[in-house]
Each structure stands twice: as C-alpha cells, then as structure tokens.
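Participant: Contents are mmCIF, C-alpha atoms; file name final14.cif:
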data_coords
loop_
_atom_site.group_PDB
_atom_site.id
_atom_site.type_symbol
_atom_site.label_atom_id
_atom_site.label_comp_id
_atom_site.auth_asym_id
_atom_site.auth_seq_id
_atom_site.Cartn_x
_atom_site.Cartn_y
_atom_site.Cartn_z
ATOM 1 C CA MET A 1 -11.845 8.375 -0.540
ATOM 2 C CA TYR A 2 -12.619 11.735 -2.148
ATOM 3 C CA ASP A 3 -12.467 11.102 -5.880
ATOM 4 C CA VAL A 4 -11.156 13.788 -8.236
ATOM 5 C CA SER A 5 -10.985 12.898 -11.922
ATOM 6 C CA ALA A 6 -7.641 14.680 -12.418
ATOM 7 C CA PHE A 7 -6.028 12.454 -9.791
ATOM 8 C CA ARG A 8 -7.820 9.188 -10.577
ATOM 9 C CA GLU A 9 -5.647 6.150 -11.383
ATOM 10 C CA GLN A 10 -7.534 3.127 -12.713
ATOM 11 C CA ARG A 11 -4.835 1.006 -14.359
ATOM 12 C CA VAL A 12 -4.766 -2.193 -12.322
ATOM 13 C CA GLU A 13 -1.128 -2.898 -13.186
ATOM 14 C CA VAL A 14 -0.120 0.524 -11.840
ATOM 15 C CA LEU A 15 -2.120 0.022 -8.648
ATOM 16 C CA HIS A 16 -0.634 -3.449 -8.127
ATOM 17 C CA ALA A 17 2.867 -2.064 -8.664
ATOM 18 C CA LEU A 18 2.397 0.442 -5.828
ATOM 19 C CA MET A 19 0.993 -2.302 -3.582
ATOM 20 C CA ARG A 20 4.052 -4.461 -4.251
ATOM 21 C CA ALA A 21 6.456 -1.579 -3.678
ATOM 22 C CA HIS A 22 4.720 -0.517 -0.438
ATOM 23 C CA PRO A 23 3.273 -3.764 0.990
ATOM 24 C CA LEU A 24 2.723 -2.599 4.583
ATOM 25 C CA ALA A 25 -1.002 -1.867 4.429
ATOM 26 C CA THR A 26 -3.299 -0.229 6.950
ATOM 27 C CA LEU A 27 -6.143 -2.732 7.276
ATOM 28 C CA VAL A 28 -9.322 -1.014 8.460
ATOM 29 C CA THR A 29 -12.078 -3.240 9.864
ATOM 30 C CA LEU A 30 -15.482 -2.668 11.426
ATOM 31 C CA THR A 31 -16.016 -4.670 14.615
ATOM 32 C CA ALA A 32 -18.582 -4.641 17.392
ATOM 33 C CA SER A 33 -16.288 -2.194 19.187
ATOM 34 C CA GLY A 34 -16.114 0.160 16.208
ATOM 35 C CA LEU A 35 -13.475 0.858 13.583
ATOM 36 C CA GLU A 36 -10.048 -0.673 14.071
ATOM 37 C CA ALA A 37 -6.818 -0.338 12.082
ATOM 38 C CA ASN A 38 -3.989 -2.872 11.903
ATOM 39 C CA HIS A 39 -0.726 -2.506 9.990
ATOM 40 C CA ILE A 40 -0.020 -5.680 8.055
ATOM 41 C CA PRO A 41 2.272 -6.561 5.120
ATOM 42 C CA LEU A 42 0.084 -7.954 2.350
ATOM 43 C CA LEU A 43 0.996 -9.768 -0.855
ATOM 44 C CA ILE A 44 -0.981 -8.891 -3.975
ATOM 45 C CA GLY A 45 -1.797 -11.691 -6.405
ATOM 46 C CA ALA A 46 -3.193 -10.930 -9.860
ATOM 47 C CA GLU A 47 -5.911 -13.583 -9.766
ATOM 48 C CA PRO A 48 -8.812 -13.578 -10.010
ATOM 49 C CA ALA A 49 -9.197 -10.779 -12.527
ATOM 50 C CA PRO A 50 -9.796 -7.925 -12.617
ATOM 51 C CA TYR A 51 -8.452 -6.850 -9.213
ATOM 52 C CA GLY A 52 -6.682 -9.861 -7.682
ATOM 53 C CA THR A 53 -6.323 -11.056 -4.086
ATOM 54 C CA LEU A 54 -4.449 -9.863 -1.004
ATOM 55 C CA ARG A 55 -2.886 -12.348 1.419
ATOM 56 C CA GLY A 56 -1.182 -11.920 4.763
ATOM 57 C CA HIS A 57 -1.277 -13.026 8.383
ATOM 58 C CA VAL A 58 -1.908 -11.689 11.866
ATOM 59 C CA ALA A 59 -0.898 -12.867 15.307
ATOM 60 C CA ARG A 60 -3.260 -15.496 16.677
ATOM 61 C CA ALA A 61 -3.574 -13.280 19.751
ATOM 62 C CA ASN A 62 -4.882 -10.427 17.567
ATOM 63 C CA PRO A 63 -8.713 -10.373 17.923
ATOM 64 C CA LEU A 64 -9.025 -9.135 14.317
ATOM 65 C CA TRP A 65 -9.552 -12.573 12.814
ATOM 66 C CA ARG A 66 -12.355 -13.423 15.248
ATOM 67 C CA ALA A 67 -14.006 -10.001 15.381
ATOM 68 C CA VAL A 68 -14.731 -9.327 11.698
ATOM 69 C CA ASP A 69 -17.974 -10.439 10.079
ATOM 70 C CA ALA A 70 -17.162 -12.162 6.770
ATOM 71 C CA ARG A 71 -20.156 -10.389 5.223
ATOM 72 C CA THR A 72 -18.648 -6.950 5.929
ATOM 73 C CA GLU A 73 -16.051 -5.401 3.633
ATOM 74 C CA VAL A 74 -12.639 -4.501 4.977
ATOM 75 C CA LEU A 75 -10.389 -1.779 3.575
ATOM 76 C CA ALA A 76 -6.640 -2.101 2.947
ATOM 77 C CA VAL A 77 -4.846 1.218 2.387
ATOM 78 C CA PHE A 78 -1.441 1.278 0.674
ATOM 79 C CA GLN A 79 0.490 4.526 0.954
ATOM 80 C CA GLY A 80 2.985 5.316 -1.793
ATOM 81 C CA PRO A 81 5.276 8.322 -2.318
ATOM 82 C CA LEU A 82 4.212 11.512 -0.563
ATOM 83 C CA GLY A 83 5.554 14.897 0.421
ATOM 84 C CA TYR A 84 4.851 18.515 1.240
ATOM 85 C CA ILE A 85 4.713 20.964 -1.678
ATOM 86 C CA SER A 86 5.704 24.540 -0.886
ATOM 87 C CA PRO A 87 3.841 27.348 -2.694
ATOM 88 C CA SER A 88 7.217 29.047 -3.100
ATOM 89 C CA TRP A 89 8.005 26.411 -5.742
ATOM 90 C CA TYR A 90 5.313 27.805 -8.063
ATOM 91 C CA PRO A 91 6.377 30.505 -10.546
ATOM 92 C CA SER A 92 2.785 31.771 -10.410
ATOM 93 C CA LYS A 93 3.462 32.914 -6.819
ATOM 94 C CA LYS A 94 5.438 35.845 -8.217
ATOM 95 C CA GLU A 95 2.679 36.673 -10.681
ATOM 96 C CA THR A 96 -0.428 36.584 -8.497
ATOM 97 C CA GLY A 97 0.513 35.409 -5.004
ATOM 98 C CA LYS A 98 -2.611 33.212 -5.146
ATOM 99 C CA VAL A 99 -0.991 29.951 -4.088
ATOM 100 C CA VAL A 100 -1.163 27.817 -0.951
ATOM 101 C CA PRO A 101 0.736 24.797 0.420
ATOM 102 C CA THR A 102 -0.391 21.258 -0.386
ATOM 103 C CA TRP A 103 0.708 17.642 -0.230
ATOM 104 C CA ASN A 104 1.346 15.321 -3.142
ATOM 105 C CA TYR A 105 0.735 11.618 -2.628
ATOM 106 C CA ALA A 106 -0.113 8.310 -4.249
ATOM 107 C CA VAL A 107 -2.435 5.890 -2.488
ATOM 108 C CA VAL A 108 -4.412 2.718 -3.235
ATOM 109 C CA HIS A 109 -7.573 1.546 -1.472
ATOM 110 C CA ALA A 110 -8.534 -2.133 -1.796
ATOM 111 C CA HIS A 111 -11.926 -3.364 -0.583
ATOM 112 C CA GLY A 112 -13.204 -6.893 -0.093
ATOM 113 C CA PRO A 113 -14.382 -9.526 2.393
ATOM 114 C CA LEU A 114 -11.940 -10.997 4.912
ATOM 115 C CA VAL A 115 -11.346 -14.748 4.569
ATOM 116 C CA ILE A 116 -9.557 -16.574 7.405
ATOM 117 C CA HIS A 117 -7.040 -19.405 6.861
ATOM 118 C CA ASP A 118 -6.004 -21.514 9.823
ATOM 119 C CA ASP A 119 -4.109 -24.170 7.898
ATOM 120 C CA VAL A 120 -0.417 -24.702 8.609
ATOM 121 C CA GLU A 121 0.591 -25.495 5.012
ATOM 122 C CA TRP A 122 -1.281 -22.458 3.664
ATOM 123 C CA LEU A 123 0.580 -20.354 6.221
ATOM 124 C CA ARG A 124 3.939 -21.957 5.454
ATOM 125 C CA ASP A 125 3.530 -21.143 1.769
ATOM 126 C CA LEU A 126 2.465 -17.588 2.602
ATOM 127 C CA VAL A 127 5.358 -16.759 4.930
ATOM 128 C CA THR A 128 7.774 -18.274 2.427
ATOM 129 C CA ARG A 129 6.448 -16.027 -0.337
ATOM 130 C CA LEU A 130 6.390 -12.987 1.959
ATOM 131 C CA THR A 131 10.013 -13.640 2.859
ATOM 132 C CA VAL A 132 11.100 -14.088 -0.754
ATOM 133 C CA SER A 133 9.366 -10.842 -1.736
ATOM 134 C CA GLN A 134 11.515 -8.882 0.745
ATOM 135 C CA GLU A 135 14.748 -10.865 0.750
ATOM 136 C CA SER A 136 15.217 -11.596 -2.948
ATOM 137 C CA GLN A 137 17.237 -8.428 -3.625
ATOM 138 C CA ARG A 138 19.702 -9.061 -0.808
ATOM 139 C CA GLU A 139 23.151 -10.417 -1.581
ATOM 140 C CA LYS A 140 22.608 -13.291 0.869
ATOM 141 C CA PRO A 141 18.841 -13.613 1.246
ATOM 142 C CA TRP A 142 17.491 -15.184 4.401
ATOM 143 C CA GLN A 143 15.164 -18.130 3.825
ATOM 144 C CA VAL A 144 12.511 -19.677 6.041
ATOM 145 C CA THR A 145 14.451 -22.933 5.899
ATOM 146 C CA ASP A 146 17.454 -21.180 7.503
ATOM 147 C CA ALA A 147 15.640 -21.430 10.845
ATOM 148 C CA PRO A 148 15.177 -24.761 12.676
ATOM 149 C CA ALA A 149 12.101 -26.604 11.392
ATOM 150 C CA ASP A 150 10.602 -27.060 14.863
ATOM 151 C CA TYR A 151 11.007 -23.324 15.539
ATOM 152 C CA ILE A 152 9.162 -22.432 12.320
ATOM 153 C CA ASP A 153 6.422 -24.927 13.210
ATOM 154 C CA THR A 154 5.998 -23.168 16.560
ATOM 155 C CA MET A 155 5.906 -19.741 14.900
ATOM 156 C CA LEU A 156 3.268 -20.905 12.410
ATOM 157 C CA LYS A 157 1.013 -21.971 15.274
ATOM 158 C CA ALA A 158 1.144 -18.396 16.571
ATOM 159 C CA ILE A 159 -0.352 -16.800 13.425
ATOM 160 C CA VAL A 160 -3.552 -16.936 11.385
ATOM 161 C CA GLY A 161 -3.798 -16.313 7.652
ATOM 162 C CA ILE A 162 -6.008 -13.678 6.066
ATOM 163 C CA GLU A 163 -7.112 -13.306 2.475
ATOM 164 C CA ILE A 164 -9.015 -10.469 0.803
ATOM 165 C CA PRO A 165 -10.520 -11.136 -2.644
ATOM 166 C CA ILE A 166 -10.584 -7.569 -3.961
ATOM 167 C CA THR A 167 -14.030 -6.423 -5.043
ATOM 168 C CA ARG A 168 -13.194 -2.729 -5.436
ATOM 169 C CA LEU A 169 -9.863 -1.036 -6.174
ATOM 170 C CA GLN A 170 -9.336 2.720 -6.139
ATOM 171 C CA GLY A 171 -6.162 4.681 -6.831
ATOM 172 C CA LYS A 172 -5.383 8.351 -6.336
ATOM 173 C CA TRP A 173 -2.218 9.986 -7.670
ATOM 174 C CA LYS A 174 -2.260 13.618 -6.522
ATOM 175 C CA MET A 175 0.894 14.781 -8.303
ATOM 176 C CA SER A 176 0.346 18.430 -9.284
ATOM 177 C CA GLN A 177 -1.819 17.533 -12.303
ATOM 178 C CA ASN A 178 -4.155 20.406 -11.404
ATOM 179 C CA ARG A 179 -1.401 23.023 -11.486
ATOM 180 C CA LEU A 180 -0.317 25.212 -14.387
ATOM 181 C CA PRO A 181 2.453 23.594 -16.484
ATOM 182 C CA GLN A 182 5.019 26.078 -15.178
ATOM 183 C CA ASP A 183 4.006 25.369 -11.584
ATOM 184 C CA LYS A 184 4.320 21.614 -12.086
ATOM 185 C CA ALA A 185 7.735 22.231 -13.659
ATOM 186 C CA GLY A 186 8.663 24.229 -10.559
ATOM 187 C CA VAL A 187 7.712 21.313 -8.329
ATOM 188 C CA ILE A 188 9.813 18.931 -10.424
ATOM 189 C CA ALA A 189 12.814 21.276 -10.386
ATOM 190 C CA ASN A 190 12.714 21.641 -6.609
ATOM 191 C CA LEU A 191 12.302 17.913 -6.016
ATOM 192 C CA GLN A 192 15.286 17.304 -8.279
ATOM 193 C CA ALA A 193 17.305 19.887 -6.369
ATOM 194 C CA ARG A 194 16.511 18.246 -3.037
ATOM 195 C CA GLY A 195 17.539 14.864 -4.391
ATOM 196 C CA ASP A 196 16.642 12.815 -1.292
ATOM 197 C CA ALA A 197 14.993 9.388 -1.508
ATOM 198 C CA ALA A 198 11.483 10.702 -0.838
ATOM 199 C CA SER A 199 11.844 13.370 -3.537
ATOM 200 C CA ARG A 200 13.140 10.838 -6.060
ATOM 201 C CA ALA A 201 10.210 8.542 -5.304
ATOM 202 C CA MET A 202 7.769 11.387 -5.881
ATOM 203 C CA LEU A 203 9.471 12.305 -9.147
ATOM 204 C CA ASP A 204 8.997 8.725 -10.329
ATOM 205 C CA ALA A 205 5.319 8.878 -9.358
ATOM 206 C CA MET A 206 4.870 12.135 -11.292
ATOM 207 C CA LYS A 207 5.848 10.486 -14.555
ATOM 208 C CA PRO A 208 2.899 9.773 -16.905
#
Turn the structure described in the file into structure tokens.
Facilitator:
Amino acid sequence: MYDVSAFREQRVEVLHALMRAHPLATLVTLTASGLEANHIPLLIGAEPAPYGTLRGHVARANPLWRAVDARTEVLAVFQGPLGYISPSWYPSKKETGKVVPTWNYAVVHAHGPLVIHDDVEWLRDLVTRLTVSQESQREKPWQVTDAPADYIDTMLKAIVGIEIPITRLQGKWKMSQNRLPQDKAGVIANLQARGDAASRAMLDAMKP
C-alpha cells in the first residue's frame, strides 16, 4: 500500500478497533494459479503482541486452504469508512479554483502466514465467538446452541479453520489531513449536512 506519512496510522489499538468494526476482510493469497481474493469475516485477537492474530474459517470446498504455501505471506484487507469528497466543498475553490475530487477512506492491511486448523473443537469455539461478536447487540441474540447439535456437527465438518499470526500491520487514514484547515472544515460541514450513516462514520474517522 502506498504509504504517505500524513495518512499513516500506527496505533495498534486503533487498527484493531477498525478490524473489529469491519470484520469482513478481503483475504488475498498467492497460489500456483496466481493471486486470489476471498471475502471472509475474521476475528482479531490481541495476542501475541504487538499485532495479534486473525482467525476465521472457509468452506471445505474452497481450495484456498489447500492451495496456499504456509511459507508465503497472505494479506487481509479491512475496509473502514469511505466516501467521495467533492472539490465544491473546499472554500479554496472560490479563491484559486485549484482543487480536484478525491476519496477519503480508512483501511488496514494485515500480513502473515496462513495456518490451517482442521479440528472440530477449535472450529466450534471459533464459530461460537464469531456468532457472539455479531449477535451480542441484538435484543434476542441467536446462539450456536439454538440449532440442533447434530446439525451444527454437520456444518462444522463442512468448514476448515484459518489463522493468521500478524507479522506486519499497516493502517492508512486518508481523512483530509493534507488539506488547508478551512478546506477540511468544509468537508466536515458538508458531511454533517448530509447526515447519512456513511457520512457519520467518516466524521467519526476524521476525529483525532
């Protein structure tokens, strides 16, 4: 990822927070057939320090878990808030006209080797924690134990666990930091005026 110091985010707790808020990662792998991308919800665990570990699962029918060399790094991309920024939002447009459109976004790249887990109890614990992470805020959260035990056993046989001990973690928060203060204020004012969910998410990401 193109690294610009003004947009660089290195605080691990901030990066982990985005990964938890946006857990559906794009997992990029290099196979004998070339680059492949799969979209997989991944749980971030804080250990081991400094970067932690990602855990998830894929369908047993997915060739990913057989095709990746454990010695080759994989890349998990987590996309946070994003949106188009109109140059008409910049007060400097009226002064010089020297403005162009852009996109603001927050993204995290996590690198590491891919470890395979084909153990039913490891998988049962994983899917339970994945479920809790998404259901816990619901008034009546669904639980794995709500389904018949033999059905869950069958489902577990159809998946394979993956784990990525993170060796490199990179964050980029492109949130108008390179603009004049009045231009950044113009972006904030227009996002506030729009008031939709995507705009509110970007406003949160623009906070220091």
Participant: Hey, can I get the axis-aligned box for range 107-125 of chain A? All listed atoms, 4 Å padding on each side, centre and edge lengths in Å to one decimal, as lines of an AutoDock Vina configuration file.
Facilitator:
center_x = -5.2
center_y = -9.8
center_z = 3.3
size_x = 26.3
size_y = 39.4
size_z = 21.1
Participant: When the PyMOL selection byres ((chain A and resi 24-34) around 6) is applied to the file above, which residues end up in the set, as a list in words?
Facilitator: His22, Pro23, Leu35, Glu36, Ala37, Asn38, His39, Ile40, Pro41, Ala67, Val68, Val74, Leu75, Ala76, Val77 and Phe78 of chain A
Participant: Near Arg8 in chain A, counting only C-alpha atoms, which residues have an atom at most 7 Å away, once you skip same-chain residues fewer than 6 positions from it, shown as an MDAnalysis selection string?
Facilitator: chainID A and resid 171:173
Participant: Counting all atoms listed in the file, which of A:Leu54, A:Ala49, A:Ala61, A:Leu42 gets nearest to His111 in chain A?
Facilitator: A:Leu54
Participant: Using only C-alpha atoms, which of the listed residues (A:Tyr84, A:Glu13, A:Ile152, A:Lys184) sits closest to Asn104 in chain A?
Facilitator: A:Tyr84
Participant: Please report as CSV every residue of range 46-102 of chain A lying within 10 Å of range 175-178 of chain A, along with the nearest atom pair and their distance in Å (one decimal), using all atoms listed in the file.
Facilitator:
residue,atom,partner,partner_atom,distance
A:Pro81,CA,A:Met175,CA,9.8
A:Leu82,CA,A:Met175,CA,9.0
A:Gly83,CA,A:Met175,CA,9.9
A:Ile85,CA,A:Ser176,CA,9.1
A:Thr102,CA,A:Ser176,CA,9.4
Participant: Just how far from CA of Gly112 in chain A is CA of Asp153 in chain A, in Å to one decimal?
Facilitator: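 Between CA of Asp153 in chain A and CA of Gly112 in chain A the gap works out to 29.8 Å.
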Participant: Name the closest residue to Val115 in chain A among the candidates A:Pro101, A:Pro87, A:Gly45, A:Pro165; distances are taken between atoms, counting all atoms listed in the file.
Facilitator: A:Pro165
Participant: Could I see range 138-173 of chain A restored to N, CA and C atoms, set down as a CSV table (one decimal), keeping the file's coordinate frame?
Facilitator:
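Generated output (out_39.csv):
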chain,number,residue,atom,x,y,z
A,138,ARG,N,18.5,-9.1,-1.7
A,138,ARG,CA,19.7,-9.1,-0.8
A,138,ARG,C,20.8,-10.0,-1.4
A,139,GLU,N,22.0,-9.6,-1.1
A,139,GLU,CA,23.2,-10.4,-1.6
A,139,GLU,C,23.1,-11.8,-1.0
A,140,LYS,N,22.8,-12.0,0.2
A,140,LYS,CA,22.6,-13.3,0.9
A,140,LYS,C,21.2,-13.4,1.5
A,141,PRO,N,20.2,-13.6,0.7
A,141,PRO,CA,18.8,-13.6,1.2
A,141,PRO,C,18.6,-14.7,2.3
A,142,TRP,N,17.9,-14.2,3.4
A,142,TRP,CA,17.5,-15.2,4.4
A,142,TRP,C,16.3,-16.0,3.9
A,143,GLN,N,16.3,-17.3,4.2
A,143,GLN,CA,15.2,-18.1,3.8
A,143,GLN,C,14.5,-18.7,5.1
A,144,VAL,N,13.2,-19.1,4.9
A,144,VAL,CA,12.5,-19.7,6.0
A,144,VAL,C,13.2,-20.9,6.5
A,145,THR,N,13.8,-21.7,5.6
A,145,THR,CA,14.5,-22.9,5.9
A,145,THR,C,15.8,-22.7,6.6
A,146,ASP,N,16.2,-21.5,6.7
A,146,ASP,CA,17.5,-21.2,7.5
A,146,ASP,C,17.2,-21.4,9.0
A,147,ALA,N,16.0,-21.3,9.4
A,147,ALA,CA,15.6,-21.4,10.8
A,147,ALA,C,15.3,-22.9,11.1
A,148,PRO,N,15.5,-23.4,12.3
A,148,PRO,CA,15.2,-24.8,12.7
A,148,PRO,C,13.7,-25.1,12.4
A,149,ALA,N,13.5,-26.2,11.8
A,149,ALA,CA,12.1,-26.6,11.4
A,149,ALA,C,11.1,-26.6,12.5
A,150,ASP,N,11.5,-27.0,13.7
A,150,ASP,CA,10.6,-27.1,14.9
A,150,ASP,C,10.3,-25.6,15.3
A,151,TYR,N,11.2,-24.7,15.2
A,151,TYR,CA,11.0,-23.3,15.5
A,151,TYR,C,10.0,-22.7,14.6
A,152,ILE,N,10.1,-22.9,13.3
A,152,ILE,CA,9.2,-22.4,12.3
A,152,ILE,C,7.8,-23.0,12.6
A,153,ASP,N,7.7,-24.3,12.9
A,153,ASP,CA,6.4,-24.9,13.2
A,153,ASP,C,5.8,-24.2,14.4
A,154,THR,N,6.5,-23.9,15.4
A,154,THR,CA,6.0,-23.2,16.6
A,154,THR,C,5.5,-21.8,16.2
A,155,MET,N,6.3,-21.1,15.3
A,155,MET,CA,5.9,-19.7,14.9
A,155,MET,C,4.6,-19.8,14.1
A,156,LEU,N,4.5,-20.8,13.2
A,156,LEU,CA,3.3,-20.9,12.4
A,156,LEU,C,2.0,-21.1,13.3
A,157,LYS,N,2.2,-21.8,14.4
A,157,LYS,CA,1.0,-22.0,15.3
A,157,LYS,C,0.6,-20.7,15.9
A,158,ALA,N,1.4,-19.7,15.9
A,158,ALA,CA,1.1,-18.4,16.6
A,158,ALA,C,0.5,-17.4,15.6
A,159,ILE,N,0.2,-17.7,14.4
A,159,ILE,CA,-0.4,-16.8,13.4
A,159,ILE,C,-1.6,-17.4,12.7
A,160,VAL,N,-2.4,-16.5,12.2
A,160,VAL,CA,-3.6,-16.9,11.4
A,160,VAL,C,-3.5,-16.2,10.1
A,161,GLY,N,-3.8,-16.9,9.0
A,161,GLY,CA,-3.8,-16.3,7.7
A,161,GLY,C,-5.0,-15.5,7.3
A,162,ILE,N,-4.9,-14.5,6.5
A,162,ILE,CA,-6.0,-13.7,6.1
A,162,ILE,C,-5.9,-13.5,4.6
A,163,GLU,N,-7.0,-13.5,3.9
A,163,GLU,CA,-7.1,-13.3,2.5
A,163,GLU,C,-8.2,-12.3,2.1
A,164,ILE,N,-8.0,-11.4,1.2
A,164,ILE,CA,-9.0,-10.5,0.8
A,164,ILE,C,-9.2,-10.5,-0.7
A,165,PRO,N,-10.2,-11.2,-1.2
A,165,PRO,CA,-10.5,-11.1,-2.6
A,165,PRO,C,-11.0,-9.7,-2.9
A,166,ILE,N,-10.3,-9.0,-3.8
A,166,ILE,CA,-10.6,-7.6,-4.0
A,166,ILE,C,-11.8,-7.4,-4.8
A,167,THR,N,-12.8,-6.7,-4.3
A,167,THR,CA,-14.0,-6.4,-5.0
A,167,THR,C,-14.1,-5.0,-5.6
A,168,ARG,N,-13.2,-4.1,-5.0
A,168,ARG,CA,-13.2,-2.7,-5.4
A,168,ARG,C,-11.8,-2.2,-5.2
A,169,LEU,N,-11.2,-1.5,-6.2
A,169,LEU,CA,-9.9,-1.0,-6.2
A,169,LEU,C,-9.8,0.4,-6.7
A,170,GLN,N,-9.3,1.3,-5.8
A,170,GLN,CA,-9.3,2.7,-6.1
A,170,GLN,C,-7.9,3.3,-5.9
A,171,GLY,N,-7.5,4.0,-6.9
A,171,GLY,CA,-6.2,4.7,-6.8
A,171,GLY,C,-6.3,6.2,-7.0
A,172,LYS,N,-5.4,6.9,-6.2
A,172,LYS,CA,-5.4,8.4,-6.3
A,172,LYS,C,-3.9,8.8,-6.4
A,173,TRP,N,-3.6,9.4,-7.5
A,173,TRP,CA,-2.2,10.0,-7.7
A,173,TRP,C,-2.3,11.5,-7.7
